[in-house]
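Input: a single structure, listed below in structure tokens.
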Amino acid sequence: MQMYWILLSLILRTFVHSKLSFFFTVYIMDSVLEYLRETPIVALFIIIAFGFILGKIKIKGFSFDVSAVIFAALLFGHFGISLPPAIQTMGLVLFIFTVGIQAGPGFLDSFRQRGRKYVLAAALLVVFALLTAIVLKYSIGVSSDMLTGILCGALTSTPGLSVAIEATNSPLASIGYGIAYPIGVLGVIVFVKLMPKFLRANLQTEFDRIKSNAKEQHPPIVVCTYRVANAPMFGKPMGEIGFRSMTGATVSRVKKGDEIVLPTKNTVLDEGDLLVAVGTEEAQKKVELLVGPQAPRFEMLNEEYCIETLLVTNKAVVNAPLSKIQLEAGARFVVTRIRRSGIELSSSPNLMLKFGDKVTVATYRRDLPKLTQLLGNNDKVLSDTDFFPIALGIILGVLLGKLELSFGGSLSLSLGLTGGVLIMAILLSSAGKTGPILWTMTGSSNNLLRQLGLLLFLAGVGTSAGHSLVATITESGISLLLIGAVLTILPMVLTMMFCHWILKLNIFELFGVITGGMTSTPGDRKSVV
């Protein structure tokens, strides 16, 4: 009997405590949510932090990474938390501008080479997706605003979502994006994994072939020593010989007896002189035919002579040709090679220097301080971010987006905010420099601002769409998921078939075109693993 009363008292106590605990938890949650509704700046960073936690979760090596912020924002938006529209707009502008700045420098060069095929392939993917969406709209009857968001989510295109929101001015676009986005991400990854099997392609064989082609386009720079033994060279100055134009190589130093000298156009070559040439293997063959046989590499016996690698961080020399720099330097030096974006380039008089280039120079030690001052060679400048070009570039982009072309009384076209900022960023970055203003950013600065912009944009979009998310999914969630799956898979299949059989793109080009056309970073990472 005593045991019965003990058990009954424990049950009652547990029940009472659990009730109290439940009501206390509800009260705390309501208070926290109310505080977040009244303090959006705190809500913003909680959403970002929660999104990063979700993004770190991996399932069989897959994670949503930064993109998980939109799911956190949808959840908080469902509970009535909203962010000021200015946060979303600011994030959008930063994200679009940094994307354009990054793409600008190589955009024109890539387009001139194989870019036409790549642009055509990416455009076809978007066109196939658009046509599929139009067919689904009129066959199933989905609203245009919702279908626009689903299309952007199926293509995992955050810039596309920004344009959709600007064009529709409806929360349905954001909801559709949130529904279709996970399918888009997973669909690209699965498709990329299965593509080699569909095409029966051997990745290692294709990789070796592409590596060989890349070596032909950017052959490695080598250093060789030669002995002057061909009689036609004896007693002639290098300027008269036209050494650079005939061989494509650069002479970094000449040894006459025990003396090492920097070569100039007035340097006379005598029988038995040793010279060091820097250039590609093809250029070295021409040097050997012109000068004489290869010789053992000699030591630098002259302590006043040095070879240094300097960073280009002085804005004054950016976009200036090497010939002009050598005239203005007031120092004797020879540029032997330039390393840019991981690629070594042979020097030439017309080669333009870019901000961040690593320039290998041969010079006298007494002239090294002048040369260092001329080029800059300041590591700290590379890590600094000049916000004036960023602010000015965004202002110019906004103004460009507001320009309208009118076609009659009823039709007018404009780039809008996103189009204006993106195109302006690409144009400015391609130009590189205007007067004293550099339209470039270091990779670390660009990544930081781009990710910050993306976080702000996703947080703003998610909270605004979260208010009606549950109702929309409850009403027609499964059908929307199926539409998203069709818009993800079908365009990729059609693009793969066209590019493989018509454009003759290899498997790695297909990886890049499809993941780029789908704006899928996770898919791109899977394609290179």
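Ordering of the structure tokens sets the chain letters (A, B, ...); residue numbers start at 1 within each chain; ligands are numbered from 1 in the order shown.
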Exercise for the section: Skip Pro491 in chain A itself and residues of its chain fewer than 4 positions away, then list as a PyMOL selection string all residues within 7 Å of it, counting only C-alpha atoms. Expected result: chain A and resi 125+128-129+487+495
Exercise for the section: Any chance you could list, as a PyMOL selection string, the residues in range 295-525 of chain A that come up helix (DSSP H, G or I) when DSSP is run on the backbone? Expected result: chain A and resi 315-317+322-328+365-375+379-383+387-402+416-431+443-466+469-501+507-517+521-525
Between range 22-73 of chain A and range 498-520 of chain A, at 12 Å or less, what are the per-residue closest atom pairs and their distances in Å? Count only C-alpha atoms, order by chain and rising residue number, and return it as a Markdown table.
```
| residue | atom | partner | partner_atom | distance |
| --- | --- | --- | --- | --- |
| A:Phe64 | CA | A:Ser520 | CA | 10.8 |
| A:Asp65 | CA | A:Ser520 | CA | 11.8 |
| A:Ser67 | CA | A:Ser520 | CA | 10.7 |
```
Would you write out, as a tab-separated table, a table of all residues in range 84-146 of chain A that have an atom no more than 12 Å from an atom of range 31-50 of chain A, listing for each the closest atom pair and the distance in Å to one decimal, considering only C-alpha atoms and ordering rows by chain and rising residue number?
```
residue	atom	partner	partner_atom	distance
A:Pro84	CA	A:Pro40	CA	7.5
A:Pro85	CA	A:Pro40	CA	11.1
A:Ala86	CA	A:Pro40	CA	11.8
A:Ile87	CA	A:Leu44	CA	9.1
A:Gln88	CA	A:Leu44	CA	10.7
```
Dump N, CA, C and O atoms for the selected residues as a short mmCIF file (atom, residue, chain, number, x, y, z; two decimals), in the first residue's frame?
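This went into again-v5.cif:
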```cif
data_model
loop_
_atom_site.label_atom_id
_atom_site.label_comp_id
_atom_site.auth_asym_id
_atom_site.auth_seq_id
_atom_site.Cartn_x
_atom_site.Cartn_y
_atom_site.Cartn_z
N PRO A 84 13.83 43.60 -43.42
CA PRO A 84 13.59 44.77 -44.28
C PRO A 84 13.95 44.47 -45.73
O PRO A 84 14.97 43.80 -46.00
N PRO A 85 13.16 44.93 -46.68
CA PRO A 85 13.46 44.67 -48.11
C PRO A 85 14.84 45.16 -48.53
O PRO A 85 15.44 44.60 -49.46
N ALA A 86 15.36 46.19 -47.85
CA ALA A 86 16.67 46.73 -48.22
C ALA A 86 17.77 45.69 -48.05
O ALA A 86 18.77 45.71 -48.78
N ILE A 87 17.62 44.78 -47.09
CA ILE A 87 18.63 43.74 -46.86
C ILE A 87 18.70 42.81 -48.07
O ILE A 87 19.79 42.46 -48.56
N GLN A 88 17.54 42.41 -48.58
CA GLN A 88 17.50 41.54 -49.75
C GLN A 88 18.10 42.23 -50.97
O GLN A 88 18.89 41.63 -51.72
#
```
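Nearest residue to Val381 in chain A among A:Phe355, A:Phe198, A:Tyr226, A:Phe95 is A:Phe355, counting only C-alpha atoms.
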